[in-house]
Amino acid sequence: MNVLNKTMTHPVDHPVKVVQFGEGNFLRAFVDYQVDLANEKGLFNGSVVLVKPISFGSIDNFKKQDCQYTLQLRGRVNGEPYKETRQITSVKDIVSPFVDYDAYINVARIDTLRFVVSNTTEAGIVFHDTDKFEEKLDVTFPAKLTQFLYARYEAFNGAMDKGLVMLPVELIDDNGIELHKDVLKYIDLWKLPEAFRNWVENACIFTSTLVDRIVTGWVRDEAERNAIYEELGYVDNLLDTAEPFALWVIECPKGKDISAEWPMDKAFEGKEGMNVIFTDNQKPYKQRKVRILNGAHTSFVLASFLKGNDYVNQSMNDPIIKNFMMKTIHEEVIPTLTLPKQDLEDFADAVVDRFNNPFIKHALLSIALNSVSKWRARCMPSLLGYVEKFNKLPEHLTFSIAALMAFYSATDLEDGVLKGKRGNDTYDIKDDPAVLKFFAEESVKDTKTFVHDYLSNTEFHGQDLTLVPGLEDKVAEYLDEIRAEGMEKALVKYFG
């Protein structure tokens, strides 16, 4: 079979409007897919140039395939199987500063350029006061961006209509605000002209964004990959896969709405479970994601694992676990959130489809990593909000504490890993050293003491949870039952 290239896709030649720092699976399955849809619908008329932000790895496959690749979305939508296969033609070129710096910096001088997308990992948006303006490669991403913006500023003599819109998707809070701060720090550190600083402040826009899509990426199983090639009729060494669900919340500074020139919300019209939302406050959407999606994970996975399940989709085929999750979300989490109820219900329905995706084998033990801090961030606000609103304990969220304590109950601490027991099997418990040390010492104590010491630990929870009326006694009751009868019987007794 032939390898995919432009002679097979026949792409339309759109002007370059987007520079994308990052050529990985996520951005190609998320941003470039949206640009492709928008171009097809006549909404955008723009192409993307990829920039390789790190020296590791090769761009040979991109060059050989003329930056053409296939994206396959696989999963469930509205409870039904869903599959979409699309040749992505929105990427026009790829450059590596480490191979050809001049070609990279010339992208900044493209007249039609308007948007900067980045995904340089959570560690990418940082400031190092040792970075030098003259250094072309060994600097942080914000330093590279400052150099890039300065090259554009000089090329167009500071023209105010040549500013760029930053769309970072790094998974940190207020990513655009933090990126903006770092760029300004580099302007000050390098003593760049005040007129340039004014151009950055007034001609450029830094948005903060929240993204959500599980991208499974390259198909590693050779037999499965070859089956896809047979279906496609060609070989694609850039093949990308992802779930159907997609969410992009874009927070624009007041007075700087970009929705008209970045019409990706309209590109998604007619596609269930795919949304781009423009707002001046993304926090309620992040709260929705953290508390419903992530909170659901954290609240049921430990109980599900101790019951005998190993994967998320396996858990969704376990009636008592699925029922536990549904009641947690709909009866205990959603009532504490501020977005409209229908919006929350629709998001929750999408979460169930995502957890049921047969193409994603999400191991419960991988989700269990650092569960103590995850429970604090994802579940504790819902529990406290529920108590405040209804003046009673949420049963399922309360049980999730007992399940966590049961999961962490072990004394064998080896090489920074606590060894738990599920029947005759051993599993690894991974968390901060202080957490593992606590459970290794405390889990052998009587239930009442163990529960008191855990709930009162302000280092773990940021507050003393024994002050929540009735919580200590209820967690102890649940944990006693789990210890005496096992997880499955405890779940049946309280929630069966």
# chains A, B, ... in the order shown; residues from 1 in each chain; ligands from 1
>>> select_by_dssp(residues="region 120-308 of chain A", states="helix (DSSP H, G or I)", output="VMD selection string")
chain A and resid 141 to 155 160 to 162 175 to 189 194 to 203 222 to 232 264 to 267 283 to 307
>>> closest_residue(among="A:Asp432, A:Glu201, A:Asp349, A:Glu243", to="Ile187 (chain A)", atoms="only C-alpha atoms")
A:Glu201
>>> closest_residue(among="A:Val31, A:Leu137, A:Ala103, A:Val468", to="Glu388 (chain A)", atoms="only C-alpha atoms")
A:Val468
>>> closest_atom_pairs(of="region 98-212 of chain A", to="region 277-285 of chain A", cutoff="9 Å", atoms="only C-alpha atoms", output="Markdown table")
| residue | atom | partner | partner_atom | distance |
| --- | --- | --- | --- | --- |
| A:Asp174 | CA | A:Gln282 | CA | 8.9 |
| A:Ser208 | CA | A:Gln282 | CA | 8.0 |
| A:Thr209 | CA | A:Gln282 | CA | 7.4 |
| A:Leu210 | CA | A:Gln282 | CA | 7.3 |
>>> closest_residue(among="A:Tyr427, A:Phe300, A:Tyr104, A:Phe127", to="Leu189 (chain A)", atoms="only C-alpha atoms")
A:Phe127
>>> atom_distance(atom1="CA of Leu192 (chain A)", atom2="CA of Thr146 (chain A)")
10.0 Å
>>> residues_around(residues="region 38-41 of chain A", least_positions_apart="3", cutoff="9 Å", atoms="only C-alpha atoms", output="PyMOL selection string")
chain A and resi 12+14+33-35+44-47+90+263-264+266-268
>>> closest_residue(among="A:Arg109, A:Lys389, A:Lys448, A:Lys271", to="Gly163 (chain A)", atoms="only C-alpha atoms")
A:Arg109
